[in-house]
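Below: one structure, written as structure tokens.
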Amino acid sequence: MTTTVSAPAPASTPRARSARRGAVLVLVSATGFGMSAVFAKQAYAAGFNVPTMLSGRFALAAVLLWAVVAWRRAPLPRGRALAVCVGLGALGYALQAGFYFGALAQIDASLTALLLYAYPALVTVLAITLRRERPDRRRLAALGCSAVGMLLMLGAGGVGGAAATGGVLLALGAAVAYALYLTVSAGLPAGLDIFAVTAVVCTSAAVSMVAAGLATGSLHAPGHASGWLWIGLLAVVSTVVPIAGMFVGVRDVGASAAAILSCAEPAVTVATTALVYGERLTPVQAAGGLAVLASVAVLQLRRRSAAATAAAVSCDVPSPTAGDEHVRETPRPPRRRGGAARWGLRSLRPGGVGSRPVGSGRPVRVERPVTRGGAHPGAEVDRGPRHRRGAGG
């Protein structure tokens, strides 16, 4: 007689719990960035214009981020790295946000958010042009998918007229500015603290926006004091909290998975603006938006599979760089050198890039997390930046 005894279900491992937590944090980050369109439109209704709103947003976010930097006692970027961060904020981030929120004032937020997500394809084009990536079939398929999606969105009905055309051009300008922002930030040194970098970027963007507003005479107080509430929500819910959530989440689930999960951002924008303002995409525009988001998944899925394969046969060696994911390494058989056995480390490349000495000084490949340089993550590229924000402004 045989008795069958059911074994107790294995307890959730710490790694599984960490992955679940990371996925939740990335989704929270995408939600915060996705809601920025609603907060911005409410600020417009309260009498804010784009320069005044962005000046207030960046200034308040900078204050909060500097408080986090002081609490964490994070080291600040110096020398050339500091100059690059200042330039990224004063030019790259300020231009991207100005274009994005300017587009929100002219066309539907759902279309703006989906047009912005052309930036992963643009980053890939820049990487191929600069010979950082090879134009393999996967990347070409992603570029084709994104191009078809853009044609569907722009060729569908509902996008016409001078104001709509200007809004579309601003949204595409935001995508171009963000792609350039990510490409330049990829050259920042490894080891920079994400909060310190973001604080410098936001401060520089605030100074840039205030200077531009004063030069053009466009800064003014809002018509209703309630507008400051929306500025506060934009700075906290759609800037600081998403940056922190993405920073922690990308370390738990990996940059590739975070890039795919962050595609929830435009979905949140579409859903919230449809609920609050009744905005609707046409069926053709919705199909185009799905094609653009699918291109992000195409760019990431193979990289994620390679990372999983490497993790299955390697041990985790924490990277000395703050914010980087664990370096996947596996030991070589010991060799005799000078009478003593030493272990060499052979690096396994899960999909990211970057080469720097770890441990014994041998160069290893590190998969860098991609967090929206000061505002949200979308797609990762092989030459990903040390930091990045979410895609929505």
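Identifiers in the structure tokens: chain A, B, ... in order shown; residue index from 1 per chain; ligand index from 1 in order shown.
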
Report as a list of chain:residue names all protein, DNA and RNA residues lying within 12 Å of Ala235 (chain A), evaluated on only C-alpha atoms, omitting residues in the same chain fewer than 6 positions from it.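 Answer for this query is A:Gly32, A:Phe33, A:Met35, A:Ser36, A:Phe39, A:Ala40, A:Met53, A:Leu54, A:Ser55, A:Gly56, A:Arg57, A:Phe58, A:Ala59, A:Leu60, A:Ala61, A:Ala62, A:Val63, A:Leu64, A:Leu65, A:Cys202, A:Ala206, A:Trp228, A:Leu229, A:Val241, A:Pro242, A:Ile243, A:Gly374, A:Ala375, A:Gly393.
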
Output the selection as a tab-separated table (two decimals), in the first residue's frame - N, CA and C atoms for each residue.
```
chain	number	residue	atom	x	y	z
A	32	GLY	N	3.12	57.19	-11.48
A	32	GLY	CA	3.38	58.59	-11.12
A	32	GLY	C	3.73	59.44	-12.32
A	33	PHE	N	4.62	58.93	-13.16
A	33	PHE	CA	4.97	59.68	-14.37
A	33	PHE	C	3.78	59.80	-15.31
A	35	MET	N	0.67	60.07	-14.58
A	35	MET	CA	-0.32	61.02	-14.09
A	35	MET	C	0.12	62.46	-14.24
A	36	SER	N	1.35	62.70	-14.70
A	36	SER	CA	1.83	64.08	-14.84
A	36	SER	C	0.99	64.88	-15.82
A	39	PHE	N	-2.02	66.33	-13.90
A	39	PHE	CA	-1.60	67.43	-13.02
A	39	PHE	C	-1.27	68.68	-13.84
A	40	ALA	N	-0.61	68.50	-14.98
A	40	ALA	CA	-0.24	69.64	-15.82
A	40	ALA	C	-1.48	70.33	-16.37
A	53	MET	N	4.94	76.86	-14.70
A	53	MET	CA	4.68	75.54	-14.12
A	53	MET	C	5.96	74.72	-13.99
A	54	LEU	N	6.78	74.70	-15.04
A	54	LEU	CA	8.00	73.91	-14.99
A	54	LEU	C	9.03	74.50	-14.04
A	55	SER	N	9.07	75.82	-13.93
A	55	SER	CA	9.98	76.44	-12.95
A	55	SER	C	9.63	76.01	-11.54
A	56	GLY	N	8.33	76.05	-11.22
A	56	GLY	CA	7.89	75.60	-9.89
A	56	GLY	C	8.12	74.13	-9.67
A	57	ARG	N	7.85	73.31	-10.69
A	57	ARG	CA	8.04	71.87	-10.56
A	57	ARG	C	9.50	71.53	-10.30
A	58	PHE	N	10.40	72.06	-11.12
A	58	PHE	CA	11.81	71.74	-10.98
A	58	PHE	C	12.38	72.27	-9.67
A	59	ALA	N	11.97	73.47	-9.27
A	59	ALA	CA	12.51	74.05	-8.04
A	59	ALA	C	12.10	73.23	-6.82
A	60	LEU	N	10.82	72.87	-6.73
A	60	LEU	CA	10.35	72.08	-5.59
A	60	LEU	C	10.97	70.69	-5.60
A	61	ALA	N	11.05	70.06	-6.77
A	61	ALA	CA	11.66	68.74	-6.85
A	61	ALA	C	13.13	68.79	-6.45
A	62	ALA	N	13.82	69.86	-6.85
A	62	ALA	CA	15.24	70.00	-6.49
A	62	ALA	C	15.42	70.10	-4.99
A	63	VAL	N	14.56	70.88	-4.33
A	63	VAL	CA	14.64	71.01	-2.87
A	63	VAL	C	14.47	69.65	-2.20
A	64	LEU	N	13.47	68.88	-2.63
A	64	LEU	CA	13.22	67.57	-2.04
A	64	LEU	C	14.38	66.61	-2.32
A	65	LEU	N	14.92	66.65	-3.53
A	65	LEU	CA	16.02	65.75	-3.87
A	65	LEU	C	17.29	66.10	-3.10
A	202	CYS	N	17.86	68.56	-11.87
A	202	CYS	CA	16.65	69.33	-11.60
A	202	CYS	C	16.97	70.78	-11.24
A	206	ALA	N	15.73	73.97	-13.32
A	206	ALA	CA	14.97	75.05	-12.70
A	206	ALA	C	15.60	76.41	-13.01
A	228	TRP	N	-1.06	75.90	-7.17
A	228	TRP	CA	0.17	75.46	-6.48
A	228	TRP	C	0.03	74.04	-5.96
A	229	LEU	N	-1.23	73.62	-5.67
A	229	LEU	CA	-1.43	72.23	-5.27
A	229	LEU	C	-1.03	71.29	-6.40
A	241	VAL	N	8.94	60.86	-6.25
A	241	VAL	CA	8.54	59.49	-5.92
A	241	VAL	C	8.82	58.51	-7.07
A	242	PRO	N	8.49	58.85	-8.32
A	242	PRO	CA	8.83	57.92	-9.41
A	242	PRO	C	10.32	57.69	-9.58
A	243	ILE	N	11.13	58.73	-9.37
A	243	ILE	CA	12.58	58.56	-9.50
A	243	ILE	C	13.08	57.57	-8.45
A	374	GLY	N	16.63	61.98	-14.23
A	374	GLY	CA	16.17	63.04	-13.43
A	374	GLY	C	14.73	63.16	-13.62
A	375	ALA	N	14.09	62.35	-14.42
A	375	ALA	CA	12.67	62.46	-14.39
A	375	ALA	C	12.09	61.11	-14.66
A	393	GLY	N	8.08	63.40	-19.45
A	393	GLY	CA	8.44	64.76	-19.04
A	393	GLY	C	9.21	64.75	-17.79
```

With a cut-off of 6 Å, could you pull out the residues of region 200-245 of chain A touching region 44-50 of chain A and give me the nearest pair of atoms for each, distance in Å to one decimal, using only C-alpha atoms, ordered by chain and ascending number, as CSV?
```
residue,atom,partner,partner_atom,distance
A:Pro222,CA,A:Gly47,CA,4.5
A:Gly223,CA,A:Gly47,CA,4.7
A:His224,CA,A:Ala46,CA,5.2
A:Gly227,CA,A:Ala46,CA,4.9
```

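For the residues A:Arg17, A:Val86, A:Arg80, A:Ala258, ranking by smallest atom-to-atom distance to Ser208 (chain A) using only C-alpha atoms places A:Val86 first.
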
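With only C-alpha atoms as the atoms that count, the minimum distance from Pro266 (chain A) to the choices A:Gly213, A:Val296, A:Ala109, A:Gly278 is reached by A:Ala109.
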
Find, counting only C-alpha atoms, the residue in A:Leu140, A:Leu130, A:Ala147, A:Ala113 that gets nearest to Gly34 (chain A).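 Smallest distance to Gly34 (chain A) is found for A:Ala113.
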
Within 12 Å of Val168 (chain A), counting only C-alpha atoms, which residues show up once you throw out same-chain ones fewer than 4 positions away? Write them as a ChimeraX atom specification, please. /A:99-116,150,153-155,158-164,172-175

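With CA of Leu76 (chain A) on one side and CA of Leu126 (chain A) on the other, the separation reads 28.8 Å.
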